[in-house]
>>> print(open('model38.cif').read())   # mmCIF, N, CA and C atoms
data_entry
#
loop_
_atom_site.label_atom_id
_atom_site.label_comp_id
_atom_site.auth_asym_id
_atom_site.auth_seq_id
_atom_site.Cartn_x
_atom_site.Cartn_y
_atom_site.Cartn_z
N MET F 122 0.83 -1.19 0.00
CA MET F 122 0.00 0.00 0.00
C MET F 122 0.87 1.25 0.00
N ARG F 123 1.89 1.27 0.87
CA ARG F 123 2.78 2.43 0.96
C ARG F 123 3.53 2.62 -0.36
N LEU F 124 4.00 1.53 -0.99
CA LEU F 124 4.69 1.59 -2.26
C LEU F 124 3.78 2.15 -3.34
N ALA F 125 2.53 1.73 -3.35
CA ALA F 125 1.57 2.24 -4.34
C ALA F 125 1.36 3.74 -4.16
N THR F 126 1.31 4.21 -2.92
CA THR F 126 1.14 5.64 -2.64
C THR F 126 2.34 6.42 -3.15
N ILE F 127 3.53 5.88 -2.93
CA ILE F 127 4.75 6.54 -3.40
C ILE F 127 4.77 6.61 -4.92
N ILE F 128 4.42 5.52 -5.59
CA ILE F 128 4.40 5.49 -7.06
C ILE F 128 3.39 6.50 -7.60
N VAL F 129 2.20 6.53 -7.03
CA VAL F 129 1.18 7.50 -7.46
C VAL F 129 1.70 8.92 -7.24
N GLY F 130 2.37 9.16 -6.12
CA GLY F 130 2.93 10.49 -5.84
C GLY F 130 3.97 10.89 -6.86
N ILE F 131 4.84 9.96 -7.25
CA ILE F 131 5.87 10.24 -8.25
C ILE F 131 5.23 10.56 -9.60
N ILE F 132 4.25 9.76 -10.00
CA ILE F 132 3.56 10.00 -11.28
C ILE F 132 2.85 11.34 -11.26
N ALA F 133 2.15 11.65 -10.17
CA ALA F 133 1.44 12.92 -10.06
C ALA F 133 2.41 14.09 -10.12
N SER F 134 3.57 13.97 -9.48
CA SER F 134 4.57 15.03 -9.52
C SER F 134 5.05 15.26 -10.94
N GLY F 135 5.27 14.18 -11.67
CA GLY F 135 5.71 14.31 -13.07
C GLY F 135 4.66 14.98 -13.93
N VAL F 136 3.41 14.63 -13.74
CA VAL F 136 2.32 15.24 -14.51
C VAL F 136 2.21 16.72 -14.17
N LEU F 137 2.27 17.07 -12.89
CA LEU F 137 2.17 18.47 -12.49
C LEU F 137 3.35 19.28 -13.03
N ALA F 138 4.55 18.71 -12.98
CA ALA F 138 5.71 19.41 -13.52
C ALA F 138 5.55 19.62 -15.01
N SER F 139 5.02 18.63 -15.71
CA SER F 139 4.79 18.75 -17.15
C SER F 139 3.76 19.82 -17.45
N VAL F 140 2.67 19.85 -16.69
CA VAL F 140 1.64 20.87 -16.89
C VAL F 140 2.20 22.25 -16.59
N SER F 141 2.97 22.39 -15.53
CA SER F 141 3.56 23.67 -15.16
C SER F 141 4.51 24.16 -16.24
N ALA F 142 5.36 23.28 -16.77
CA ALA F 142 6.29 23.66 -17.83
C ALA F 142 5.54 24.06 -19.09
N THR F 143 4.45 23.38 -19.41
CA THR F 143 3.65 23.73 -20.58
C THR F 143 3.03 25.10 -20.41
N GLN F 144 2.48 25.38 -19.23
CA GLN F 144 1.87 26.68 -18.99
C GLN F 144 2.91 27.79 -19.08
N ALA F 145 4.11 27.56 -18.56
CA ALA F 145 5.15 28.58 -18.58
C ALA F 145 5.57 28.91 -20.01
N ALA F 146 5.49 27.96 -20.92
CA ALA F 146 5.92 28.18 -22.30
C ALA F 146 4.79 28.66 -23.20
N THR F 147 3.56 28.73 -22.70
CA THR F 147 2.43 29.14 -23.51
C THR F 147 2.52 30.64 -23.79
N PRO F 148 2.54 31.02 -25.07
CA PRO F 148 2.62 32.45 -25.40
C PRO F 148 1.39 33.21 -24.91
N ALA F 149 1.60 34.43 -24.46
CA ALA F 149 0.50 35.30 -24.05
C ALA F 149 -0.26 35.74 -25.30
N VAL F 150 -1.53 36.04 -25.14
CA VAL F 150 -2.34 36.56 -26.24
C VAL F 150 -1.94 38.02 -26.45
N VAL F 151 -1.51 38.35 -27.66
CA VAL F 151 -1.04 39.70 -27.96
C VAL F 151 -1.69 40.22 -29.25
N PRO F 152 -1.81 41.54 -29.39
CA PRO F 152 -2.42 42.11 -30.59
C PRO F 152 -1.42 42.39 -31.71
N PHE F 153 -0.29 41.69 -31.74
CA PHE F 153 0.72 41.90 -32.76
C PHE F 153 1.36 40.57 -33.12
N GLY F 154 2.14 40.57 -34.19
CA GLY F 154 2.81 39.36 -34.61
C GLY F 154 4.14 39.66 -35.28
N ALA F 155 4.94 38.63 -35.46
CA ALA F 155 6.23 38.76 -36.11
C ALA F 155 6.04 39.34 -37.51
N GLY F 156 6.87 40.31 -37.87
CA GLY F 156 6.80 40.93 -39.18
C GLY F 156 5.92 42.16 -39.24
N GLU F 157 5.17 42.42 -38.19
CA GLU F 157 4.28 43.60 -38.19
C GLU F 157 5.11 44.87 -38.03
N ARG F 158 4.69 45.92 -38.75
CA ARG F 158 5.41 47.19 -38.71
C ARG F 158 4.42 48.34 -38.83
N ALA F 159 4.65 49.38 -38.05
CA ALA F 159 3.85 50.60 -38.13
C ALA F 159 4.79 51.77 -38.40
N ASN F 160 4.49 52.58 -39.40
CA ASN F 160 5.30 53.74 -39.76
C ASN F 160 4.58 55.02 -39.37
N TYR F 161 5.34 56.01 -38.95
CA TYR F 161 4.78 57.27 -38.49
C TYR F 161 5.51 58.43 -39.13
N GLN F 162 4.80 59.55 -39.27
CA GLN F 162 5.42 60.81 -39.66
C GLN F 162 5.54 61.66 -38.40
N VAL F 163 6.67 62.33 -38.26
CA VAL F 163 6.87 63.23 -37.14
C VAL F 163 6.64 64.64 -37.66
N ARG F 164 5.72 65.35 -37.02
CA ARG F 164 5.37 66.71 -37.46
C ARG F 164 5.60 67.70 -36.33
N LEU F 165 6.00 68.89 -36.73
CA LEU F 165 6.16 70.00 -35.81
C LEU F 165 5.43 71.19 -36.41
N ALA F 166 4.41 71.66 -35.74
CA ALA F 166 3.58 72.76 -36.24
C ALA F 166 3.06 72.47 -37.65
N GLY F 167 2.68 71.22 -37.89
CA GLY F 167 2.11 70.83 -39.18
C GLY F 167 3.13 70.56 -40.28
N VAL F 168 4.41 70.70 -39.98
CA VAL F 168 5.46 70.48 -40.98
C VAL F 168 6.12 69.12 -40.70
N ASN F 169 6.28 68.33 -41.75
CA ASN F 169 6.93 67.02 -41.60
C ASN F 169 8.41 67.23 -41.29
N VAL F 170 8.86 66.74 -40.12
CA VAL F 170 10.26 66.92 -39.73
C VAL F 170 10.99 65.60 -39.47
N GLY F 171 10.31 64.49 -39.73
CA GLY F 171 10.98 63.21 -39.51
C GLY F 171 10.03 62.04 -39.66
N ARG F 172 10.55 60.89 -39.26
CA ARG F 172 9.73 59.68 -39.37
C ARG F 172 10.07 58.74 -38.21
N GLY F 173 9.15 57.82 -37.97
CA GLY F 173 9.36 56.83 -36.93
C GLY F 173 8.76 55.51 -37.34
N SER F 174 9.16 54.45 -36.66
CA SER F 174 8.58 53.14 -36.93
C SER F 174 8.67 52.27 -35.69
N MET F 175 7.70 51.38 -35.59
CA MET F 175 7.69 50.34 -34.56
C MET F 175 7.50 49.03 -35.29
N GLU F 176 8.29 48.01 -34.93
CA GLU F 176 8.16 46.74 -35.64
C GLU F 176 8.53 45.56 -34.75
N VAL F 177 7.91 44.44 -35.08
CA VAL F 177 8.24 43.17 -34.44
C VAL F 177 9.11 42.43 -35.46
N LEU F 178 10.40 42.34 -35.17
CA LEU F 178 11.36 41.77 -36.12
C LEU F 178 11.26 40.26 -36.22
N GLY F 179 10.75 39.62 -35.18
CA GLY F 179 10.61 38.16 -35.20
C GLY F 179 10.70 37.61 -33.79
N ILE F 180 10.71 36.30 -33.71
CA ILE F 180 10.87 35.64 -32.41
C ILE F 180 12.29 35.09 -32.33
N LYS F 181 13.02 35.53 -31.32
CA LYS F 181 14.41 35.14 -31.11
C LYS F 181 14.55 34.49 -29.73
N THR F 182 15.55 33.65 -29.58
CA THR F 182 15.81 33.00 -28.30
C THR F 182 16.82 33.83 -27.51
N VAL F 183 16.47 34.16 -26.28
CA VAL F 183 17.36 34.87 -25.36
C VAL F 183 17.41 34.07 -24.06
N ASP F 184 18.60 33.68 -23.66
CA ASP F 184 18.78 32.90 -22.43
C ASP F 184 17.89 31.65 -22.42
N GLY F 185 17.76 31.03 -23.59
CA GLY F 185 16.98 29.80 -23.71
C GLY F 185 15.48 29.99 -23.76
N ARG F 186 15.01 31.23 -23.84
CA ARG F 186 13.57 31.52 -23.85
C ARG F 186 13.17 32.24 -25.13
N PRO F 187 11.99 31.93 -25.68
CA PRO F 187 11.53 32.66 -26.87
C PRO F 187 11.11 34.08 -26.50
N THR F 188 11.51 35.04 -27.34
CA THR F 188 11.17 36.44 -27.11
C THR F 188 10.74 37.10 -28.41
N TYR F 189 9.89 38.13 -28.28
CA TYR F 189 9.59 39.00 -29.41
C TYR F 189 10.71 40.02 -29.50
N HIS F 190 11.37 40.09 -30.65
CA HIS F 190 12.40 41.10 -30.86
C HIS F 190 11.72 42.30 -31.51
N THR F 191 11.67 43.41 -30.79
CA THR F 191 10.98 44.61 -31.29
C THR F 191 11.96 45.76 -31.45
N ARG F 192 11.60 46.70 -32.33
CA ARG F 192 12.44 47.88 -32.54
C ARG F 192 11.56 49.11 -32.71
N PHE F 193 11.97 50.20 -32.08
CA PHE F 193 11.30 51.49 -32.20
C PHE F 193 12.35 52.49 -32.66
N ARG F 194 12.07 53.19 -33.77
CA ARG F 194 13.02 54.17 -34.32
C ARG F 194 12.32 55.51 -34.53
N VAL F 195 13.08 56.57 -34.29
CA VAL F 195 12.64 57.93 -34.61
C VAL F 195 13.84 58.66 -35.17
N ALA F 196 13.66 59.34 -36.30
CA ALA F 196 14.75 60.11 -36.90
C ALA F 196 14.17 61.37 -37.52
N GLY F 197 14.89 62.47 -37.38
CA GLY F 197 14.45 63.72 -37.99
C GLY F 197 14.84 64.91 -37.14
N GLY F 198 14.10 65.99 -37.33
CA GLY F 198 14.37 67.20 -36.57
C GLY F 198 14.39 68.41 -37.48
N VAL F 199 14.89 69.49 -36.93
CA VAL F 199 15.05 70.75 -37.65
C VAL F 199 16.53 71.12 -37.54
N PRO F 200 17.01 72.05 -38.35
CA PRO F 200 18.43 72.43 -38.25
C PRO F 200 18.81 72.75 -36.80
N LEU F 201 19.92 72.23 -36.37
CA LEU F 201 20.50 72.39 -35.04
C LEU F 201 19.74 71.62 -33.95
N ALA F 202 18.72 70.87 -34.32
CA ALA F 202 17.99 70.06 -33.33
C ALA F 202 17.56 68.75 -34.00
N ARG F 203 18.50 67.84 -34.11
CA ARG F 203 18.25 66.56 -34.77
C ARG F 203 18.06 65.44 -33.75
N VAL F 204 17.28 64.44 -34.14
CA VAL F 204 17.02 63.27 -33.31
C VAL F 204 17.26 62.02 -34.15
N ASP F 205 17.96 61.05 -33.56
CA ASP F 205 18.16 59.75 -34.21
C ASP F 205 18.18 58.70 -33.09
N ASP F 206 17.01 58.12 -32.82
CA ASP F 206 16.86 57.17 -31.71
C ASP F 206 16.55 55.78 -32.24
N ASN F 207 17.12 54.79 -31.58
CA ASN F 207 16.86 53.39 -31.91
C ASN F 207 16.79 52.61 -30.59
N PHE F 208 15.63 52.01 -30.32
CA PHE F 208 15.43 51.20 -29.12
C PHE F 208 15.04 49.79 -29.55
N GLU F 209 15.71 48.80 -29.00
CA GLU F 209 15.35 47.40 -29.29
C GLU F 209 15.05 46.70 -27.97
N SER F 210 14.01 45.86 -27.99
CA SER F 210 13.63 45.08 -26.82
C SER F 210 13.41 43.64 -27.23
N TRP F 211 13.74 42.74 -26.33
CA TRP F 211 13.45 41.32 -26.49
C TRP F 211 12.50 40.98 -25.36
N ILE F 212 11.23 40.74 -25.70
CA ILE F 212 10.15 40.60 -24.73
C ILE F 212 9.73 39.14 -24.63
N ASP F 213 9.75 38.59 -23.43
CA ASP F 213 9.37 37.20 -23.19
C ASP F 213 7.97 36.94 -23.74
N VAL F 214 7.83 35.90 -24.59
CA VAL F 214 6.53 35.65 -25.23
C VAL F 214 5.47 35.18 -24.24
N ALA F 215 5.84 34.56 -23.15
CA ALA F 215 4.85 34.07 -22.18
C ALA F 215 4.49 35.14 -21.15
N GLY F 216 5.49 35.82 -20.60
CA GLY F 216 5.25 36.77 -19.52
C GLY F 216 5.19 38.22 -19.93
N LEU F 217 5.60 38.53 -21.18
CA LEU F 217 5.62 39.90 -21.71
C LEU F 217 6.45 40.86 -20.85
N PHE F 218 7.58 40.39 -20.35
CA PHE F 218 8.54 41.23 -19.65
C PHE F 218 9.86 41.20 -20.42
N SER F 219 10.74 42.13 -20.12
CA SER F 219 11.98 42.28 -20.87
C SER F 219 13.02 41.25 -20.48
N ARG F 220 13.69 40.72 -21.49
CA ARG F 220 14.85 39.85 -21.26
C ARG F 220 16.13 40.51 -21.77
N ARG F 221 15.98 41.50 -22.66
CA ARG F 221 17.15 42.21 -23.20
C ARG F 221 16.66 43.58 -23.68
N PHE F 222 17.56 44.56 -23.61
CA PHE F 222 17.21 45.92 -24.05
C PHE F 222 18.46 46.59 -24.60
N LYS F 223 18.30 47.28 -25.72
CA LYS F 223 19.40 48.02 -26.33
C LYS F 223 18.89 49.40 -26.70
N GLN F 224 19.67 50.42 -26.35
CA GLN F 224 19.28 51.81 -26.57
C GLN F 224 20.42 52.56 -27.23
N ASP F 225 20.16 53.17 -28.39
CA ASP F 225 21.08 54.08 -29.06
C ASP F 225 20.30 55.36 -29.31
N GLN F 226 20.65 56.39 -28.56
CA GLN F 226 19.88 57.62 -28.55
C GLN F 226 20.79 58.80 -28.87
N LYS F 227 20.37 59.61 -29.84
CA LYS F 227 21.08 60.84 -30.18
C LYS F 227 20.02 61.92 -30.33
N GLU F 228 19.98 62.84 -29.38
CA GLU F 228 18.97 63.90 -29.37
C GLU F 228 19.64 65.23 -29.07
N VAL F 229 19.70 66.09 -30.07
CA VAL F 229 20.29 67.42 -29.98
C VAL F 229 21.69 67.29 -29.37
N ARG F 230 21.89 67.60 -28.10
CA ARG F 230 23.21 67.50 -27.46
C ARG F 230 23.33 66.32 -26.51
N PHE F 231 22.35 65.44 -26.52
CA PHE F 231 22.33 64.28 -25.62
C PHE F 231 22.56 63.00 -26.41
N GLN F 232 23.47 62.16 -25.92
CA GLN F 232 23.70 60.85 -26.54
C GLN F 232 23.77 59.79 -25.45
N ARG F 233 23.19 58.63 -25.76
CA ARG F 233 23.26 57.50 -24.83
C ARG F 233 23.26 56.21 -25.64
N SER F 234 24.17 55.33 -25.30
CA SER F 234 24.22 54.01 -25.92
C SER F 234 24.46 53.00 -24.80
N ARG F 235 23.49 52.11 -24.61
CA ARG F 235 23.63 51.11 -23.56
C ARG F 235 22.84 49.86 -23.92
N ALA F 236 23.23 48.75 -23.31
CA ALA F 236 22.58 47.47 -23.58
C ALA F 236 22.56 46.64 -22.30
N PHE F 237 21.45 45.94 -22.09
CA PHE F 237 21.26 45.14 -20.87
C PHE F 237 20.74 43.76 -21.21
N ASP F 238 21.14 42.78 -20.44
CA ASP F 238 20.48 41.48 -20.39
C ASP F 238 19.83 41.38 -19.01
N PHE F 239 18.56 40.96 -18.99
CA PHE F 239 17.83 40.81 -17.73
C PHE F 239 17.65 39.32 -17.45
N PHE F 240 17.83 38.93 -16.20
CA PHE F 240 17.66 37.55 -15.76
C PHE F 240 16.58 37.52 -14.68
N PRO F 241 15.31 37.54 -15.09
CA PRO F 241 14.20 37.65 -14.14
C PRO F 241 14.16 36.54 -13.10
N GLU F 242 14.53 35.33 -13.49
CA GLU F 242 14.48 34.20 -12.55
C GLU F 242 15.43 34.42 -11.37
N ARG F 243 16.52 35.15 -11.62
CA ARG F 243 17.49 35.44 -10.56
C ARG F 243 17.37 36.88 -10.04
N ARG F 244 16.49 37.65 -10.67
CA ARG F 244 16.29 39.07 -10.35
C ARG F 244 17.59 39.85 -10.45
N THR F 245 18.34 39.61 -11.54
CA THR F 245 19.58 40.33 -11.77
C THR F 245 19.62 40.86 -13.19
N PHE F 246 20.54 41.82 -13.43
CA PHE F 246 20.79 42.31 -14.78
C PHE F 246 22.29 42.43 -14.99
N ARG F 247 22.66 42.49 -16.26
CA ARG F 247 24.06 42.68 -16.64
C ARG F 247 24.09 43.61 -17.84
N ARG F 248 24.93 44.63 -17.78
CA ARG F 248 25.12 45.48 -18.95
C ARG F 248 26.04 44.76 -19.91
N THR F 249 25.68 44.80 -21.18
CA THR F 249 26.45 44.08 -22.20
C THR F 249 27.13 45.04 -23.17
N ASP F 250 27.21 46.30 -22.79
CA ASP F 250 27.81 47.31 -23.66
C ASP F 250 29.25 47.63 -23.29
N GLY F 251 29.86 46.79 -22.45
CA GLY F 251 31.25 46.98 -22.09
C GLY F 251 31.48 47.61 -20.73
N SER F 252 30.43 48.10 -20.08
CA SER F 252 30.62 48.75 -18.78
C SER F 252 30.87 47.73 -17.67
N GLY F 253 30.37 46.50 -17.85
CA GLY F 253 30.54 45.46 -16.84
C GLY F 253 29.61 45.58 -15.65
N GLU F 254 28.73 46.57 -15.67
CA GLU F 254 27.81 46.79 -14.54
C GLU F 254 26.85 45.61 -14.39
N THR F 255 26.62 45.22 -13.15
CA THR F 255 25.62 44.20 -12.81
C THR F 255 24.80 44.74 -11.65
N GLY F 256 23.63 44.14 -11.43
CA GLY F 256 22.83 44.61 -10.31
C GLY F 256 21.62 43.74 -10.08
N THR F 257 20.82 44.18 -9.13
CA THR F 257 19.61 43.47 -8.72
C THR F 257 18.39 44.14 -9.33
N LEU F 258 17.47 43.33 -9.84
CA LEU F 258 16.20 43.84 -10.35
C LEU F 258 15.20 43.93 -9.21
N PRO F 259 14.35 44.96 -9.19
CA PRO F 259 13.36 45.08 -8.13
C PRO F 259 12.17 44.13 -8.31
N THR F 260 12.09 43.47 -9.46
CA THR F 260 10.97 42.58 -9.76
C THR F 260 11.43 41.43 -10.63
N ASP F 261 10.65 40.37 -10.68
CA ASP F 261 10.98 39.26 -11.58
C ASP F 261 10.25 39.39 -12.92
N GLU F 262 9.62 40.54 -13.16
CA GLU F 262 8.99 40.84 -14.45
C GLU F 262 9.43 42.23 -14.90
N PRO F 263 10.72 42.39 -15.25
CA PRO F 263 11.26 43.72 -15.55
C PRO F 263 10.74 44.29 -16.87
N LEU F 264 10.66 45.61 -16.90
CA LEU F 264 10.36 46.35 -18.12
C LEU F 264 11.56 47.23 -18.41
N ASP F 265 11.77 47.56 -19.68
CA ASP F 265 12.88 48.45 -20.01
C ASP F 265 12.34 49.86 -20.20
N ASP F 266 13.18 50.74 -20.75
CA ASP F 266 12.76 52.12 -20.96
C ASP F 266 11.47 52.17 -21.72
#
>>> encode(input="model38.cif", output="structure tokens")
Amino acid sequence: MRLATIIVGIIASGVLASVSATQAATPAVVPFGAGERANYQVRLAGVNVGRGSMEVLGIKTVDGRPTYHTRFRVAGGVPLARVDDNFESWIDVAGLFSRRFKQDQKEVRFQRSRAFDFFPERRTFRRTDGSGETGTLPTDEPLDD
């Protein structure tokens, strides 16, 4: 009797682990898909001064997990005030949180270039742009800029 209880417990544990793993890998319902792109005109006082786009480049693997690779770009401006921004995110398909983020920003006199890998399971991050910075995440579902 005790052996039968142990065997049933082992089988049940395996089934529950399998169900849990399946649920964790199930993509969230989203209103976008790979290959989708939206283009924008940037206007200032009714005058076209640039353009922007948002796109889902595809599904890529980051740290062994499937992610939506997205990009947001804005470029344009007026003389002496130019903008050229590029933001890329790798968003977990199941949890819709960030696993990677890259920012290249050039706005008038401001420039920033940085890149991060996020490890939500460990609540840590690592900069991958050469700074070597690491740290603790305040949540296990991080968002980027």
>>> resolve_selection(input="model38.cif", expression="the PyMOL selection byres (((chain F and resi 147-163 and name CA) around 10) and name CA)", output="short mmCIF file (atom, residue, chain, number, x, y, z; two decimals) with N, CA and C atoms, in the frame of the given file")
data_model
loop_
_atom_site.label_atom_id
_atom_site.label_comp_id
_atom_site.auth_asym_id
_atom_site.auth_seq_id
_atom_site.Cartn_x
_atom_site.Cartn_y
_atom_site.Cartn_z
N ALA F 142 5.36 23.28 -16.77
CA ALA F 142 6.29 23.66 -17.83
C ALA F 142 5.54 24.06 -19.09
N THR F 143 4.45 23.38 -19.41
CA THR F 143 3.65 23.73 -20.58
C THR F 143 3.03 25.10 -20.41
N GLN F 144 2.48 25.38 -19.23
CA GLN F 144 1.87 26.68 -18.99
C GLN F 144 2.91 27.79 -19.08
N ALA F 145 4.11 27.56 -18.56
CA ALA F 145 5.15 28.58 -18.58
C ALA F 145 5.57 28.91 -20.01
N ALA F 146 5.49 27.96 -20.92
CA ALA F 146 5.92 28.18 -22.30
C ALA F 146 4.79 28.66 -23.20
N ARG F 164 5.72 65.35 -37.02
CA ARG F 164 5.37 66.71 -37.46
C ARG F 164 5.60 67.70 -36.33
N LEU F 165 6.00 68.89 -36.73
CA LEU F 165 6.16 70.00 -35.81
C LEU F 165 5.43 71.19 -36.41
N GLY F 167 2.68 71.22 -37.89
CA GLY F 167 2.11 70.83 -39.18
C GLY F 167 3.13 70.56 -40.28
N VAL F 168 4.41 70.70 -39.98
CA VAL F 168 5.46 70.48 -40.98
C VAL F 168 6.12 69.12 -40.70
N ASN F 169 6.28 68.33 -41.75
CA ASN F 169 6.93 67.02 -41.60
C ASN F 169 8.41 67.23 -41.29
N VAL F 170 8.86 66.74 -40.12
CA VAL F 170 10.26 66.92 -39.73
C VAL F 170 10.99 65.60 -39.47
N GLY F 171 10.31 64.49 -39.73
CA GLY F 171 10.98 63.21 -39.51
C GLY F 171 10.03 62.04 -39.66
N ARG F 172 10.55 60.89 -39.26
CA ARG F 172 9.73 59.68 -39.37
C ARG F 172 10.07 58.74 -38.21
N GLY F 173 9.15 57.82 -37.97
CA GLY F 173 9.36 56.83 -36.93
C GLY F 173 8.76 55.51 -37.34
N SER F 174 9.16 54.45 -36.66
CA SER F 174 8.58 53.14 -36.93
C SER F 174 8.67 52.27 -35.69
N MET F 175 7.70 51.38 -35.59
CA MET F 175 7.69 50.34 -34.56
C MET F 175 7.50 49.03 -35.29
N GLU F 176 8.29 48.01 -34.93
CA GLU F 176 8.16 46.74 -35.64
C GLU F 176 8.53 45.56 -34.75
N VAL F 177 7.91 44.44 -35.08
CA VAL F 177 8.24 43.17 -34.44
C VAL F 177 9.11 42.43 -35.46
N LEU F 178 10.40 42.34 -35.17
CA LEU F 178 11.36 41.77 -36.12
C LEU F 178 11.26 40.26 -36.22
N GLY F 179 10.75 39.62 -35.18
CA GLY F 179 10.61 38.16 -35.20
C GLY F 179 10.70 37.61 -33.79
N ILE F 180 10.71 36.30 -33.71
CA ILE F 180 10.87 35.64 -32.41
C ILE F 180 12.29 35.09 -32.33
N PRO F 187 11.99 31.93 -25.68
CA PRO F 187 11.53 32.66 -26.87
C PRO F 187 11.11 34.08 -26.50
N THR F 188 11.51 35.04 -27.34
CA THR F 188 11.17 36.44 -27.11
C THR F 188 10.74 37.10 -28.41
N TYR F 189 9.89 38.13 -28.28
CA TYR F 189 9.59 39.00 -29.41
C TYR F 189 10.71 40.02 -29.50
N HIS F 190 11.37 40.09 -30.65
CA HIS F 190 12.40 41.10 -30.86
C HIS F 190 11.72 42.30 -31.51
N THR F 191 11.67 43.41 -30.79
CA THR F 191 10.98 44.61 -31.29
C THR F 191 11.96 45.76 -31.45
N ARG F 192 11.60 46.70 -32.33
CA ARG F 192 12.44 47.88 -32.54
C ARG F 192 11.56 49.11 -32.71
N PHE F 193 11.97 50.20 -32.08
CA PHE F 193 11.30 51.49 -32.20
C PHE F 193 12.35 52.49 -32.66
N ARG F 194 12.07 53.19 -33.77
CA ARG F 194 13.02 54.17 -34.32
C ARG F 194 12.32 55.51 -34.53
N VAL F 195 13.08 56.57 -34.29
CA VAL F 195 12.64 57.93 -34.61
C VAL F 195 13.84 58.66 -35.17
N ALA F 196 13.66 59.34 -36.30
CA ALA F 196 14.75 60.11 -36.90
C ALA F 196 14.17 61.37 -37.52
N GLY F 197 14.89 62.47 -37.38
CA GLY F 197 14.45 63.72 -37.99
C GLY F 197 14.84 64.91 -37.14
N GLY F 198 14.10 65.99 -37.33
CA GLY F 198 14.37 67.20 -36.57
C GLY F 198 14.39 68.41 -37.48
N ASP F 213 9.75 38.59 -23.43
CA ASP F 213 9.37 37.20 -23.19
C ASP F 213 7.97 36.94 -23.74
N VAL F 214 7.83 35.90 -24.59
CA VAL F 214 6.53 35.65 -25.23
C VAL F 214 5.47 35.18 -24.24
N ALA F 215 5.84 34.56 -23.15
CA ALA F 215 4.85 34.07 -22.18
C ALA F 215 4.49 35.14 -21.15
N GLY F 216 5.49 35.82 -20.60
CA GLY F 216 5.25 36.77 -19.52
C GLY F 216 5.19 38.22 -19.93
N LEU F 217 5.60 38.53 -21.18
CA LEU F 217 5.62 39.90 -21.71
C LEU F 217 6.45 40.86 -20.85
#
>>> closest_residue(input="model38.cif", among="F:Asp184, F:Glu254, F:Glu262, F:Asp238", to="Lys223 of chain F", atoms="only N, CA and C atoms")
F:Asp238
>>> closest_residue(input="model38.cif", among="F:Lys181, F:Leu258, F:Arg186, F:Leu201", to="Phe246 of chain F", atoms="all atoms listed in the file")
F:Leu258
>>> closest_residue(input="model38.cif", among="F:Thr245, F:Thr182, F:Gln226, F:Asn207", to="Thr260 of chain F", atoms="all atoms listed in the file")
F:Thr245
>>> resolve_selection(input="model38.cif", expression="the PyMOL selection byres (((chain F and resi 236 and name CA) around 12) and name CA)", output="MDAnalysis selection string")
chainID F and resid 207:211 220:226 233:235 237:239 246:255 265:266
>>> atom_distance(input="model38.cif", atom1="atom CA of Val183 of chain F", atom2="atom C of Gly256 of chain F")
18.2 Å
>>> atom_distance(input="model38.cif", atom1="atom C of Glu228 of chain F", atom2="atom C of Arg203 of chain F")
4.9 Å
>>> atom_distance(input="model38.cif", atom1="atom N of Ala202 of chain F", atom2="atom C of Ala166 of chain F")
16.1 Å
>>> select_by_dssp(input="model38.cif", residues="chain F", states="alpha helix (DSSP H)", output="list in words")
Arg123, Leu124, Ala125, Thr126, Ile127, Ile128, Val129, Gly130, Ile131, Ile132, Ala133, Ser134, Gly135, Val136, Leu137, Ala138, Ser139, Val140, Ser141, Ala142, Thr143, Gln144, Ala145 and Ala146 of chain F
>>> residues_around(input="model38.cif", residues="Lys227 of chain F", least_positions_apart="5", cutoff="5 Å", atoms="all atoms listed in the file", output="list in words")
Val204, Asp205, Asp206 and Gln232 of chain F
>>> select_by_dssp(input="model38.cif", residues="chain F", states="strand (DSSP E or B)", output="ChimeraX atom specification")
/F:158-165,168-183,186-199,202-213,219-228,231-240,245-248,255-257
>>> decode(input="model38.cif", residues="segment 166-192 of chain F", atoms="C-alpha atoms", output="compact mmCIF listing (two decimals), in the first residue's frame")
# COMPACT_ATOMS: atom_id res chain seq x y z
CA ALA F 166 3.58 72.76 -36.24
CA GLY F 167 2.11 70.83 -39.18
CA VAL F 168 5.46 70.48 -40.98
CA ASN F 169 6.93 67.02 -41.60
CA VAL F 170 10.26 66.92 -39.73
CA GLY F 171 10.98 63.21 -39.51
CA ARG F 172 9.73 59.68 -39.37
CA GLY F 173 9.36 56.83 -36.93
CA SER F 174 8.58 53.14 -36.93
CA MET F 175 7.69 50.34 -34.56
CA GLU F 176 8.16 46.74 -35.64
CA VAL F 177 8.24 43.17 -34.44
CA LEU F 178 11.36 41.77 -36.12
CA GLY F 179 10.61 38.16 -35.20
CA ILE F 180 10.87 35.64 -32.41
CA LYS F 181 14.41 35.14 -31.11
CA THR F 182 15.81 33.00 -28.30
CA VAL F 183 17.36 34.87 -25.36
CA ASP F 184 18.78 32.90 -22.43
CA GLY F 185 16.98 29.80 -23.71
CA ARG F 186 13.57 31.52 -23.85
CA PRO F 187 11.53 32.66 -26.87
CA THR F 188 11.17 36.44 -27.11
CA TYR F 189 9.59 39.00 -29.41
CA HIS F 190 12.40 41.10 -30.86
CA THR F 191 10.98 44.61 -31.29
CA ARG F 192 12.44 47.88 -32.54
